[in-house]
$ cat entry-v9.cif   # mmCIF, C-alpha atoms and all ligand atoms
data_data
#
loop_
_atom_site.group_PDB
_atom_site.id
_atom_site.type_symbol
_atom_site.label_atom_id
_atom_site.label_comp_id
_atom_site.auth_asym_id
_atom_site.auth_seq_id
_atom_site.Cartn_x
_atom_site.Cartn_y
_atom_site.Cartn_z
ATOM 1 C CA MET A 1 -47.651 2.366 163.255
ATOM 2 C CA SER A 2 -44.094 1.636 164.482
ATOM 3 C CA ARG A 3 -43.341 0.719 168.074
ATOM 4 C CA LYS A 4 -40.159 0.710 170.103
ATOM 5 C CA PRO A 5 -38.562 -2.787 169.937
ATOM 6 C CA GLN A 6 -39.261 -4.802 173.083
ATOM 7 C CA PRO A 7 -36.849 -7.298 174.642
ATOM 8 C CA LEU A 8 -38.023 -10.831 173.846
ATOM 9 C CA LYS A 9 -37.001 -12.482 177.106
ATOM 10 C CA SER A 10 -40.559 -13.311 178.187
ATOM 11 C CA VAL A 11 -41.732 -14.869 174.906
ATOM 12 C CA GLY A 12 -42.803 -18.550 175.088
ATOM 13 C CA SER A 13 -41.538 -21.264 172.757
ATOM 14 C CA LEU A 14 -41.001 -20.244 169.170
ATOM 15 C CA VAL A 15 -40.896 -22.482 166.088
ATOM 16 C CA LEU A 16 -39.072 -21.188 162.999
ATOM 17 C CA VAL A 17 -39.869 -23.106 159.826
ATOM 18 C CA GLY A 18 -37.259 -22.407 157.145
ATOM 19 C CA ALA A 19 -34.001 -20.802 158.289
ATOM 20 C CA GLY A 20 -32.807 -19.422 154.947
ATOM 21 C CA LYS A 21 -31.959 -15.769 154.329
ATOM 22 C CA MET A 22 -35.046 -14.188 155.833
ATOM 23 C CA GLY A 23 -35.645 -16.812 158.558
ATOM 24 C CA SER A 24 -32.030 -16.511 159.732
ATOM 25 C CA ALA A 25 -32.249 -12.698 159.769
ATOM 26 C CA MET A 26 -35.287 -12.985 162.052
ATOM 27 C CA LEU A 27 -33.558 -15.556 164.240
ATOM 28 C CA ASP A 28 -30.521 -13.258 164.635
ATOM 29 C CA GLY A 29 -32.826 -10.387 165.585
ATOM 30 C CA TRP A 30 -34.636 -12.448 168.235
ATOM 31 C CA LEU A 31 -31.377 -13.675 169.767
ATOM 32 C CA ALA A 32 -30.020 -10.113 169.793
ATOM 33 C CA ARG A 33 -33.134 -9.086 171.720
ATOM 34 C CA GLY A 34 -32.455 -11.616 174.425
ATOM 35 C CA LEU A 35 -34.462 -14.665 173.338
ATOM 36 C CA SER A 36 -32.873 -17.812 174.738
ATOM 37 C CA PRO A 37 -31.940 -20.517 172.172
ATOM 38 C CA LYS A 38 -33.654 -22.935 174.586
ATOM 39 C CA LYS A 39 -37.017 -21.441 173.606
ATOM 40 C CA LEU A 40 -36.382 -21.989 169.912
ATOM 41 C CA VAL A 41 -37.303 -24.877 167.639
ATOM 42 C CA VAL A 42 -35.934 -24.682 164.084
ATOM 43 C CA ILE A 43 -37.206 -26.852 161.253
ATOM 44 C CA GLU A 44 -34.734 -26.618 158.384
ATOM 45 C CA PRO A 45 -33.465 -29.382 156.056
ATOM 46 C CA GLN A 46 -30.062 -27.724 155.560
ATOM 47 C CA PRO A 47 -29.174 -25.909 158.791
ATOM 48 C CA SER A 48 -26.263 -23.459 158.674
ATOM 49 C CA LYS A 49 -23.199 -23.819 160.897
ATOM 50 C CA ALA A 50 -24.564 -21.005 163.082
ATOM 51 C CA ILE A 51 -27.799 -22.911 163.678
ATOM 52 C CA LYS A 52 -25.954 -26.146 164.422
ATOM 53 C CA ALA A 53 -23.881 -24.180 166.968
ATOM 54 C CA LEU A 54 -27.093 -22.832 168.526
ATOM 55 C CA ALA A 55 -28.372 -26.425 168.758
ATOM 56 C CA ARG A 56 -25.402 -27.110 171.043
ATOM 57 C CA ARG A 57 -26.607 -24.200 173.215
ATOM 58 C CA GLY A 58 -30.121 -25.605 173.656
ATOM 59 C CA LEU A 59 -31.972 -24.787 170.413
ATOM 60 C CA THR A 60 -34.086 -27.735 169.228
ATOM 61 C CA LEU A 61 -33.278 -28.601 165.612
ATOM 62 C CA ASN A 62 -35.624 -30.700 163.442
ATOM 63 C CA PRO A 63 -37.426 -32.425 166.337
ATOM 64 C CA LYS A 64 -38.646 -35.989 165.850
ATOM 65 C CA GLY A 65 -41.674 -37.541 167.543
ATOM 66 C CA LYS A 66 -44.330 -35.776 169.625
ATOM 67 C CA VAL A 67 -44.128 -31.959 169.775
ATOM 68 C CA ALA A 68 -45.773 -29.382 172.066
ATOM 69 C CA ALA A 69 -47.946 -26.436 170.980
ATOM 70 C CA ALA A 70 -45.826 -23.302 170.498
ATOM 71 C CA ALA A 71 -46.412 -19.685 171.537
ATOM 72 C CA ALA A 72 -45.631 -18.746 167.946
ATOM 73 C CA ILE A 73 -44.716 -20.392 164.652
ATOM 74 C CA VAL A 74 -42.923 -18.349 162.019
ATOM 75 C CA ILE A 75 -43.178 -19.789 158.502
ATOM 76 C CA ALA A 76 -40.264 -18.603 156.356
ATOM 77 C CA VAL A 77 -40.067 -21.209 153.575
ATOM 78 C CA LYS A 78 -40.389 -20.328 149.888
ATOM 79 C CA PRO A 79 -44.037 -19.933 148.807
ATOM 80 C CA GLN A 80 -43.760 -22.915 146.424
ATOM 81 C CA THR A 81 -42.723 -25.142 149.369
ATOM 82 C CA ALA A 82 -45.808 -24.160 151.375
ATOM 83 C CA PRO A 83 -48.224 -26.950 150.329
ATOM 84 C CA ALA A 84 -45.726 -29.541 151.613
ATOM 85 C CA ALA A 85 -44.333 -27.567 154.572
ATOM 86 C CA VAL A 86 -47.424 -25.993 156.183
ATOM 87 C CA PRO A 87 -49.943 -28.847 156.906
ATOM 88 C CA PRO A 88 -47.389 -30.888 158.969
ATOM 89 C CA LEU A 89 -47.128 -27.906 161.356
ATOM 90 C CA ALA A 90 -50.610 -28.657 162.793
ATOM 91 C CA PRO A 91 -49.261 -30.358 165.974
ATOM 92 C CA TYR A 92 -47.536 -27.093 166.956
ATOM 93 C CA VAL A 93 -50.774 -25.106 166.661
ATOM 94 C CA GLY A 94 -52.588 -24.911 169.999
ATOM 95 C CA LYS A 95 -55.461 -22.656 171.109
ATOM 96 C CA ARG A 96 -53.121 -19.745 171.874
ATOM 97 C CA THR A 97 -50.533 -20.246 169.130
ATOM 98 C CA LEU A 98 -49.765 -17.326 166.850
ATOM 99 C CA VAL A 99 -48.871 -18.310 163.278
ATOM 100 C CA LEU A 100 -46.824 -15.765 161.397
ATOM 101 C CA SER A 101 -46.167 -16.296 157.684
ATOM 102 C CA ILE A 102 -43.670 -14.270 155.659
ATOM 103 C CA MET A 103 -44.320 -16.175 152.422
ATOM 104 C CA ALA A 104 -44.880 -13.819 149.501
ATOM 105 C CA GLY A 105 -48.265 -14.290 147.851
ATOM 106 C CA ARG A 106 -49.511 -16.985 150.266
ATOM 107 C CA THR A 107 -52.852 -15.640 151.463
ATOM 108 C CA LEU A 108 -54.537 -15.863 154.869
ATOM 109 C CA ARG A 109 -57.125 -18.079 153.166
ATOM 110 C CA PHE A 110 -54.444 -20.528 152.005
ATOM 111 C CA LEU A 111 -52.978 -20.632 155.521
ATOM 112 C CA GLN A 112 -56.404 -21.048 157.161
ATOM 113 C CA ILE A 113 -57.182 -24.019 154.909
ATOM 114 C CA SER A 114 -53.755 -25.589 155.511
ATOM 115 C CA LEU A 115 -53.759 -25.230 159.314
ATOM 116 C CA PRO A 116 -56.194 -26.319 162.060
ATOM 117 C CA PRO A 117 -59.518 -24.388 162.157
ATOM 118 C CA ASN A 118 -59.545 -21.124 164.137
ATOM 119 C CA ALA A 119 -55.765 -20.684 163.967
ATOM 120 C CA ALA A 120 -54.648 -17.108 164.692
ATOM 121 C CA ILE A 121 -52.595 -16.090 161.667
ATOM 122 C CA VAL A 122 -50.674 -12.969 160.677
ATOM 123 C CA ARG A 123 -49.503 -12.662 157.080
ATOM 124 C CA VAL A 124 -46.469 -10.427 156.837
ATOM 125 C CA MET A 125 -44.260 -8.930 154.150
ATOM 126 C CA PRO A 126 -40.737 -8.028 155.289
ATOM 127 C CA ASN A 127 -37.858 -6.814 153.102
ATOM 128 C CA THR A 128 -34.153 -7.647 152.869
ATOM 129 C CA PRO A 129 -32.755 -4.776 155.001
ATOM 130 C CA ALA A 130 -34.137 -7.059 157.746
ATOM 131 C CA ALA A 131 -30.699 -8.706 157.553
ATOM 132 C CA ILE A 132 -29.242 -5.607 159.285
ATOM 133 C CA GLY A 133 -32.266 -4.927 161.504
ATOM 134 C CA ARG A 134 -33.416 -2.120 159.192
ATOM 135 C CA GLY A 135 -36.303 -3.777 157.375
ATOM 136 C CA ILE A 136 -39.848 -2.542 157.072
ATOM 137 C CA THR A 137 -42.543 -5.172 157.536
ATOM 138 C CA VAL A 138 -46.275 -4.916 156.915
ATOM 139 C CA ALA A 139 -48.439 -7.285 158.988
ATOM 140 C CA CYS A 140 -52.004 -8.322 158.199
ATOM 141 C CA PRO A 141 -53.893 -10.363 160.842
ATOM 142 C CA ASN A 142 -56.880 -12.695 160.412
ATOM 143 C CA ALA A 143 -59.959 -12.291 162.625
ATOM 144 C CA LYS A 144 -58.694 -14.832 165.182
ATOM 145 C CA VAL A 145 -55.651 -12.802 166.270
ATOM 146 C CA SER A 146 -56.066 -11.477 169.848
ATOM 147 C CA ALA A 147 -54.568 -8.223 171.159
ATOM 148 C CA ARG A 148 -51.934 -10.275 172.995
ATOM 149 C CA GLN A 149 -50.993 -12.185 169.840
ATOM 150 C CA ARG A 150 -50.840 -8.947 167.874
ATOM 151 C CA LYS A 151 -48.402 -7.564 170.443
ATOM 152 C CA LEU A 152 -46.320 -10.744 170.219
ATOM 153 C CA ALA A 153 -46.265 -10.486 166.404
ATOM 154 C CA GLY A 154 -45.207 -6.828 166.673
ATOM 155 C CA ASP A 155 -42.397 -7.711 169.105
ATOM 156 C CA LEU A 156 -41.117 -10.564 166.913
ATOM 157 C CA LEU A 157 -41.145 -8.384 163.810
ATOM 158 C CA ALA A 158 -39.595 -5.355 165.538
ATOM 159 C CA ALA A 159 -36.453 -7.507 165.855
ATOM 160 C CA ILE A 160 -35.834 -6.976 162.113
ATOM 161 C CA GLY A 161 -36.902 -3.349 161.769
ATOM 162 C CA LYS A 162 -40.034 -1.222 161.648
ATOM 163 C CA VAL A 163 -43.555 -2.640 161.578
ATOM 164 C CA GLU A 164 -46.763 -1.373 159.984
ATOM 165 C CA TRP A 165 -50.191 -3.009 160.268
ATOM 166 C CA ALA A 166 -52.745 -3.379 157.460
ATOM 167 C CA SER A 167 -56.245 -4.663 158.127
ATOM 168 C CA ASP A 168 -57.087 -5.019 154.433
ATOM 169 C CA GLU A 169 -55.292 -8.032 152.922
ATOM 170 C CA THR A 170 -55.875 -6.806 149.372
ATOM 171 C CA LEU A 171 -53.192 -4.165 150.093
ATOM 172 C CA MET A 172 -50.523 -6.863 150.454
ATOM 173 C CA ASP A 173 -49.846 -7.104 146.701
ATOM 174 C CA ALA A 174 -49.073 -3.382 146.527
ATOM 175 C CA VAL A 175 -47.056 -3.641 149.763
ATOM 176 C CA THR A 176 -45.022 -6.469 148.208
ATOM 177 C CA ALA A 177 -44.500 -4.369 145.076
ATOM 178 C CA LEU A 178 -43.379 -1.289 147.031
ATOM 179 C CA SER A 179 -41.385 -2.364 150.095
ATOM 180 C CA GLY A 180 -40.951 -6.147 149.546
ATOM 181 C CA SER A 181 -39.391 -5.722 146.101
ATOM 182 C CA GLY A 182 -38.284 -2.117 146.747
ATOM 183 C CA PRO A 183 -34.680 -2.827 147.791
ATOM 184 C CA ALA A 184 -34.094 -4.174 144.246
ATOM 185 C CA TYR A 185 -35.183 -0.830 142.770
ATOM 186 C CA VAL A 186 -32.707 1.020 145.002
ATOM 187 C CA PHE A 187 -29.866 -1.343 144.067
ATOM 188 C CA LEU A 188 -30.789 -0.866 140.411
ATOM 189 C CA LEU A 189 -30.522 2.888 140.971
ATOM 190 C CA ALA A 190 -26.942 2.394 142.225
ATOM 191 C CA GLU A 191 -26.167 0.218 139.179
ATOM 192 C CA ALA A 192 -27.659 2.748 136.759
ATOM 193 C CA MET A 193 -25.794 5.654 138.407
ATOM 194 C CA THR A 194 -22.535 3.686 138.073
ATOM 195 C CA LYS A 195 -23.147 3.060 134.355
ATOM 196 C CA ALA A 196 -24.109 6.701 133.789
ATOM 197 C CA GLY A 197 -20.977 7.872 135.651
ATOM 198 C CA ILE A 198 -18.815 5.676 133.410
ATOM 199 C CA ALA A 199 -20.584 7.047 130.339
ATOM 200 C CA ALA A 200 -19.819 10.560 131.626
ATOM 201 C CA GLY A 201 -16.099 9.713 131.681
ATOM 202 C CA LEU A 202 -15.375 8.396 135.209
ATOM 203 C CA PRO A 203 -13.196 5.308 135.791
ATOM 204 C CA ALA A 204 -15.499 2.303 136.497
ATOM 205 C CA ASP A 205 -14.316 1.629 140.065
ATOM 206 C CA LEU A 206 -14.606 5.287 141.061
ATOM 207 C CA ALA A 207 -18.092 5.502 139.521
ATOM 208 C CA ALA A 208 -19.160 2.380 141.449
ATOM 209 C CA ARG A 209 -17.839 3.777 144.762
ATOM 210 C CA LEU A 210 -19.478 7.166 144.199
ATOM 211 C CA ALA A 211 -22.824 5.593 143.299
ATOM 212 C CA ARG A 212 -22.736 3.161 146.231
ATOM 213 C CA GLU A 213 -21.889 5.799 148.847
ATOM 214 C CA THR A 214 -24.348 8.306 147.382
ATOM 215 C CA VAL A 215 -27.239 5.827 147.568
ATOM 216 C CA ALA A 216 -26.223 4.546 151.014
ATOM 217 C CA GLY A 217 -25.527 8.014 152.458
ATOM 218 C CA SER A 218 -28.728 9.504 151.046
ATOM 219 C CA GLY A 219 -30.710 6.563 152.464
ATOM 220 C CA GLU A 220 -29.126 7.155 155.864
ATOM 221 C CA LEU A 221 -29.826 10.905 155.646
ATOM 222 C CA LEU A 222 -33.468 10.176 154.820
ATOM 223 C CA HIS A 223 -33.573 7.688 157.703
ATOM 224 C CA ARG A 224 -32.191 10.156 160.242
ATOM 225 C CA SER A 225 -33.995 13.271 159.000
ATOM 226 C CA ASP A 226 -37.471 14.422 159.983
ATOM 227 C CA LEU A 227 -37.836 16.031 156.558
ATOM 228 C CA ASP A 228 -39.794 14.480 153.691
ATOM 229 C CA ALA A 229 -37.872 13.065 150.710
ATOM 230 C CA ALA A 230 -39.229 15.897 148.546
ATOM 231 C CA ILE A 231 -37.760 18.558 150.879
ATOM 232 C CA LEU A 232 -34.401 16.781 151.052
ATOM 233 C CA ARG A 233 -34.405 16.707 147.239
ATOM 234 C CA GLN A 234 -35.244 20.411 147.030
ATOM 235 C CA ASN A 235 -32.432 21.129 149.506
ATOM 236 C CA VAL A 236 -29.839 19.860 146.995
ATOM 237 C CA THR A 237 -31.407 21.633 144.018
ATOM 238 C CA SER A 238 -30.389 25.229 143.276
ATOM 239 C CA PRO A 239 -32.452 26.904 140.550
ATOM 240 C CA GLY A 240 -30.633 26.729 137.236
ATOM 241 C CA GLY A 241 -27.910 24.472 138.677
ATOM 242 C CA THR A 242 -26.572 21.016 137.819
ATOM 243 C CA THR A 243 -29.063 19.026 139.956
ATOM 244 C CA ALA A 244 -31.934 21.006 138.441
ATOM 245 C CA ALA A 245 -30.695 20.064 134.940
ATOM 246 C CA ALA A 246 -30.706 16.363 135.894
ATOM 247 C CA LEU A 247 -34.090 16.544 137.631
ATOM 248 C CA GLU A 248 -35.653 18.172 134.595
ATOM 249 C CA VAL A 249 -34.876 14.927 132.745
ATOM 250 C CA LEU A 250 -35.743 12.576 135.621
ATOM 251 C CA MET A 251 -39.014 14.336 136.457
ATOM 252 C CA GLY A 252 -40.020 15.002 132.854
ATOM 253 C CA PRO A 253 -42.265 12.897 130.599
ATOM 254 C CA GLY A 254 -41.424 9.174 130.751
ATOM 255 C CA GLY A 255 -39.184 9.926 133.763
ATOM 256 C CA PHE A 256 -38.827 8.414 137.219
ATOM 257 C CA ASP A 257 -42.401 8.920 138.434
ATOM 258 C CA GLU A 258 -43.940 7.313 135.357
ATOM 259 C CA LEU A 259 -41.431 4.451 135.262
ATOM 260 C CA LEU A 260 -41.804 3.589 138.924
ATOM 261 C CA ALA A 261 -45.586 3.803 138.757
ATOM 262 C CA LYS A 262 -45.466 1.320 135.840
ATOM 263 C CA ALA A 263 -42.946 -0.931 137.612
ATOM 264 C CA ILE A 264 -44.910 -1.051 140.868
ATOM 265 C CA ALA A 265 -48.177 -1.653 138.996
ATOM 266 C CA ALA A 266 -46.504 -4.579 137.157
ATOM 267 C CA ALA A 267 -45.230 -6.054 140.439
ATOM 268 C CA THR A 268 -48.675 -5.617 142.055
ATOM 269 C CA ARG A 269 -50.334 -7.414 139.124
ATOM 270 C CA ARG A 270 -47.767 -10.235 139.324
ATOM 271 C CA GLY A 271 -48.400 -10.586 143.064
ATOM 272 C CA ARG A 272 -52.138 -10.960 142.377
ATOM 273 C CA GLU A 273 -51.477 -13.584 139.685
ATOM 274 C CA LEU A 274 -49.164 -15.577 141.992
ATOM 275 C CA ALA A 275 -51.699 -15.482 144.852
ATOM 276 C CA GLY A 276 -54.219 -16.950 142.367
HETATM 277 N N1 LIG T 301 -35.827 -12.480 150.460
HETATM 278 C C1 LIG T 301 -36.715 -11.500 150.346
HETATM 279 O O1 LIG T 301 -36.486 -10.405 149.852
HETATM 280 C C2 LIG T 301 -38.097 -11.695 150.906
HETATM 281 C C3 LIG T 301 -38.891 -10.570 151.146
HETATM 282 C C4 LIG T 301 -40.157 -10.772 151.664
HETATM 283 C C5 LIG T 301 -40.608 -12.060 151.893
HETATM 284 N N2 LIG T 301 -39.816 -13.123 151.619
HETATM 285 C C6 LIG T 301 -40.333 -14.455 151.837
HETATM 286 O O2 LIG T 301 -39.518 -15.102 152.774
HETATM 287 C C7 LIG T 301 -39.576 -16.511 152.512
HETATM 288 C C8 LIG T 301 -38.186 -17.064 152.607
HETATM 289 O O3 LIG T 301 -37.372 -16.431 151.631
HETATM 290 P P1 LIG T 301 -35.794 -16.570 151.687
HETATM 291 O O4 LIG T 301 -35.266 -15.594 150.697
HETATM 292 O O5 LIG T 301 -35.340 -16.547 153.094
HETATM 293 O O6 LIG T 301 -35.676 -18.062 151.083
HETATM 294 P P2 LIG T 301 -34.553 -19.149 151.363
HETATM 295 O O7 LIG T 301 -33.257 -18.481 151.682
HETATM 296 O O8 LIG T 301 -34.626 -20.140 150.249
HETATM 297 O O9 LIG T 301 -35.061 -19.852 152.707
HETATM 298 C C9 LIG T 301 -36.041 -20.846 152.772
HETATM 299 C C10 LIG T 301 -35.501 -21.975 153.644
HETATM 300 O O10 LIG T 301 -36.538 -22.918 153.914
HETATM 301 C C11 LIG T 301 -35.961 -24.217 153.835
HETATM 302 N N3 LIG T 301 -36.995 -25.259 153.618
HETATM 303 C C12 LIG T 301 -37.388 -25.836 152.464
HETATM 304 N N4 LIG T 301 -38.362 -26.747 152.698
HETATM 305 C C13 LIG T 301 -38.593 -26.743 154.015
HETATM 306 C C14 LIG T 301 -39.485 -27.460 154.851
HETATM 307 N N5 LIG T 301 -40.374 -28.342 154.373
HETATM 308 N N6 LIG T 301 -39.462 -27.207 156.177
HETATM 309 C C15 LIG T 301 -38.593 -26.299 156.673
HETATM 310 N N7 LIG T 301 -37.723 -25.600 155.925
HETATM 311 C C16 LIG T 301 -37.721 -25.803 154.604
HETATM 312 C C17 LIG T 301 -35.015 -24.095 152.679
HETATM 313 O O11 LIG T 301 -34.108 -25.156 152.681
HETATM 314 P P3 LIG T 301 -33.528 -25.666 151.232
HETATM 315 O O12 LIG T 301 -32.606 -24.589 150.796
HETATM 316 O O13 LIG T 301 -32.864 -26.945 151.576
HETATM 317 O O14 LIG T 301 -34.719 -25.825 150.328
HETATM 318 C C18 LIG T 301 -34.364 -22.746 152.961
HETATM 319 O O15 LIG T 301 -33.281 -22.851 153.859
HETATM 320 C C19 LIG T 301 -40.230 -16.687 151.145
HETATM 321 O O16 LIG T 301 -41.519 -17.232 151.299
HETATM 322 C C20 LIG T 301 -40.293 -15.304 150.582
HETATM 323 O O17 LIG T 301 -41.463 -15.126 149.817
HETATM 324 C C21 LIG T 301 -38.552 -12.963 151.151
#
$ encode --input "entry-v9.cif" --output "structure tokens"
Amino acid sequence: MSRKPQPLKSVGSLVLVGAGKMGSAMLDGWLARGLSPKKLVVIEPQPSKAIKALARRGLTLNPKGKVAAAAAIVIAVKPQTAPAAVPPLAPYVGKRTLVLSIMAGRTLRFLQISLPPNAAIVRVMPNTPAAIGRGITVACPNAKVSARQRKLAGDLLAAIGKVEWASDETLMDAVTALSGSGPAYVFLLAEAMTKAGIAAGLPADLAARLARETVAGSGELLHRSDLDAAILRQNVTSPGGTTAAALEVLMGPGGFDELLAKAIAAATRRGRELAG
């Protein structure tokens, strides 16, 4: 269920591990919601200029020596980096620390084994519209996560978009296949529409602009509307008209539904394989 984003002013210290694309998007969201750089610790071998500038405003970058337990640790390194990056985080994990991992395919079990016993962990799957605060994230907690920690996780994730909770971790592979990888399917749709427009006789740059704005505008319409996607589709389809002719192909045998079902099943299988 989605909640209204909360200001993050009252959050305790926060450790971000890995400030690449997704980590930086989260960091931007937290700062925009009022989190002070003074409450932030960032562990990142190649910090961006923006992070170095934040370090001059009180953010702690790559601390050396003894560290204090954090209110929350957000792990945003690549999954293949996890075996080296996660165990050294133990000194940050106190009795009340929330650990939030956005690593694709890295299970709660992996994280539990890699971190101190009884750590409260939430495994999450965001997606790239997080970069503009319009992501959708699914969060899956382990049994140690308290109501307070769940609220903190929800507040941290709301900074990059909407949040859904799943209690069954086995759903995370399908979640990854649908919303984690989903932006790529939508961009592919824009690419395919461009190519089809060119094939239908349009100049390439015009076809690209029409496809881009059609995908973006339709996404925004879906976002703002209370109507289901199916109703919005029907609203542009007059019987016997041009849209109906196209939909007959797209919704026919071997069409969109079948292709996407196959694609999402393949991504789900791959997610399972990667998680081991
Ligand atoms: N992008 C997506 O669409 C998406 C969607 C859902 C989930 N995710 C998950 O988000 C995570 C991050 O993805 P991303 O696209 O943001 O990757 P990314 O841009 O490569 O960011 C990862 C960052 O972690 C840094 N790093 C490497 N080793 C580290 C260490 N030991 N300690 C601290 N930082 C370290 C990397 O630095 P170097 O560059 O120097 O190695 C890099 O800046 C992944 O686990 C991915 O599965 C991504």
$ residues_around --input "entry-v9.cif" --residues "region 246-255 of chain A" --least-positions-apart "6" --cutoff "12 Å" --atoms "only C-alpha atoms" --output "PDB file with C-alpha atoms, keeping the file's coordinate frame"
ATOM      1  CA  ALA A 196     -24.109   6.701 133.789  1.00  0.00           C
ATOM      2  CA  ARG A 233     -34.405  16.707 147.239  1.00  0.00           C
ATOM      3  CA  GLN A 234     -35.244  20.411 147.030  1.00  0.00           C
ATOM      4  CA  VAL A 236     -29.839  19.860 146.995  1.00  0.00           C
ATOM      5  CA  THR A 237     -31.407  21.633 144.018  1.00  0.00           C
ATOM      6  CA  SER A 238     -30.389  25.229 143.276  1.00  0.00           C
ATOM      7  CA  PRO A 239     -32.452  26.904 140.550  1.00  0.00           C
ATOM      8  CA  GLY A 240     -30.633  26.729 137.236  1.00  0.00           C
ATOM      9  CA  ALA A 261     -45.586   3.803 138.757  1.00  0.00           C
ATOM     10  CA  LYS A 262     -45.466   1.320 135.840  1.00  0.00           C
TER      11      LYS A 262
END
$ atom_distance --input "entry-v9.cif" --atom1 "CA of Ala85 (chain A)" --atom2 "atom O15 of ligand LIG 301 (chain T)"
12.0 Å
$ resolve_selection --input "entry-v9.cif" --expression "the PyMOL selection byres (((chain A and resi 22-29) around 7) and not hetatm)" --output "ChimeraX atom specification"
/A:18-21,30-33,76,130-131,133,159-160
$ atom_distance --input "entry-v9.cif" --atom1 "atom N2 of ligand LIG 301 (chain T)" --atom2 "CA of Ser181 (chain A)"
9.2 Å
$ closest_atom_pairs --input "entry-v9.cif" --of "chain A" --to "ligand LIG 301 (chain T)" --cutoff "10 Å" --atoms "only C-alpha atoms and all ligand atoms" --output "Markdown table"
| residue | atom | partner | partner_atom | distance |
| --- | --- | --- | --- | --- |
| A:Leu16 | CA | T:LIG301 | C15 | 8.1 |
| A:Val17 | CA | T:LIG301 | C15 | 4.7 |
| A:Gly18 | CA | T:LIG301 | O10 | 3.3 |
| A:Ala19 | CA | T:LIG301 | O15 | 4.9 |
| A:Gly20 | CA | T:LIG301 | O9 | 3.2 |
| A:Lys21 | CA | T:LIG301 | O5 | 3.7 |
| A:Met22 | CA | T:LIG301 | O5 | 3.6 |
| A:Gly23 | CA | T:LIG301 | O5 | 5.5 |
| A:Ser24 | CA | T:LIG301 | O5 | 7.4 |
| A:Ala25 | CA | T:LIG301 | O5 | 8.3 |
| A:Met26 | CA | T:LIG301 | O5 | 9.6 |
| A:Val42 | CA | T:LIG301 | C15 | 8.0 |
| A:Ile43 | CA | T:LIG301 | C15 | 4.8 |
| A:Glu44 | CA | T:LIG301 | N7 | 4.0 |
| A:Pro45 | CA | T:LIG301 | O13 | 5.1 |
| A:Gln46 | CA | T:LIG301 | O13 | 4.9 |
| A:Pro47 | CA | T:LIG301 | O15 | 7.1 |
| A:Ser48 | CA | T:LIG301 | O15 | 8.5 |
| A:Asn62 | CA | T:LIG301 | C15 | 8.6 |
| A:Ile75 | CA | T:LIG301 | C7 | 7.7 |
| A:Ala76 | CA | T:LIG301 | C7 | 4.4 |
| A:Val77 | CA | T:LIG301 | O10 | 3.9 |
| A:Lys78 | CA | T:LIG301 | O16 | 3.6 |
| A:Pro79 | CA | T:LIG301 | O16 | 4.5 |
| A:Gln80 | CA | T:LIG301 | O16 | 7.8 |
| A:Thr81 | CA | T:LIG301 | N4 | 5.7 |
| A:Ala82 | CA | T:LIG301 | N5 | 7.5 |
| A:Pro83 | CA | T:LIG301 | N5 | 8.9 |
| A:Ala84 | CA | T:LIG301 | N5 | 6.1 |
| A:Ala85 | CA | T:LIG301 | N5 | 4.0 |
| A:Val86 | CA | T:LIG301 | N5 | 7.6 |
| A:Pro87 | CA | T:LIG301 | N5 | 9.9 |
| A:Pro88 | CA | T:LIG301 | N5 | 8.8 |
| A:Leu89 | CA | T:LIG301 | N6 | 9.3 |
| A:Ser101 | CA | T:LIG301 | O16 | 8.0 |
| A:Ile102 | CA | T:LIG301 | C6 | 5.1 |
| A:Met103 | CA | T:LIG301 | O16 | 3.2 |
| A:Ala104 | CA | T:LIG301 | O17 | 3.7 |
| A:Gly105 | CA | T:LIG301 | O17 | 7.1 |
| A:Arg106 | CA | T:LIG301 | O16 | 8.1 |
| A:Val124 | CA | T:LIG301 | C5 | 7.8 |
| A:Met125 | CA | T:LIG301 | C4 | 5.1 |
| A:Pro126 | CA | T:LIG301 | C4 | 4.6 |
| A:Asn127 | CA | T:LIG301 | C3 | 4.4 |
| A:Thr128 | CA | T:LIG301 | O1 | 4.7 |
| A:Pro129 | CA | T:LIG301 | O1 | 8.5 |
| A:Ala130 | CA | T:LIG301 | C3 | 8.9 |
| A:Ala131 | CA | T:LIG301 | N1 | 9.5 |
| A:Gly135 | CA | T:LIG301 | C3 | 9.6 |
| A:Ile136 | CA | T:LIG301 | C4 | 9.9 |
| A:Thr137 | CA | T:LIG301 | C4 | 8.5 |
| A:Val138 | CA | T:LIG301 | C4 | 10.0 |
| A:Thr176 | CA | T:LIG301 | C4 | 7.4 |
| A:Ser179 | CA | T:LIG301 | C3 | 8.6 |
| A:Gly180 | CA | T:LIG301 | C3 | 5.1 |
| A:Ser181 | CA | T:LIG301 | O1 | 6.7 |
| A:Gly182 | CA | T:LIG301 | O1 | 9.0 |
| A:Pro183 | CA | T:LIG301 | O1 | 8.1 |
| A:Ala184 | CA | T:LIG301 | O1 | 8.7 |
$ resolve_selection --input "entry-v9.cif" --expression "the PyMOL selection byres (((chain A and resi 141-151) around 7) and not hetatm)" --output "VMD selection string"
chain A and resid 98 108 118 to 123 139 to 140 152 to 155 167
$ resolve_selection --input "entry-v9.cif" --expression "the PyMOL selection byres (((chain A and resi 71) around 7) and not hetatm)" --output "list in words"
Gly12, Ser13, Leu14, Ala69, Ala70, Ala72, Arg96, Thr97 and Leu98 of chain A
$ atom_distance --input "entry-v9.cif" --atom1 "CA of Leu61 (chain A)" --atom2 "CA of Val74 (chain A)"
14.5 Å
$ closest_residue --input "entry-v9.cif" --among "A:Pro37, A:Arg109, A:Leu189, A:Asp173" --to "Ala53 (chain A)" --atoms "all atoms listed in the file"
A:Pro37
$ closest_residue --input "entry-v9.cif" --among "A:Glu273, A:Asp226, A:Pro7, A:Tyr92" --to "Val41 (chain A)" --atoms "only C-alpha atoms"
A:Tyr92
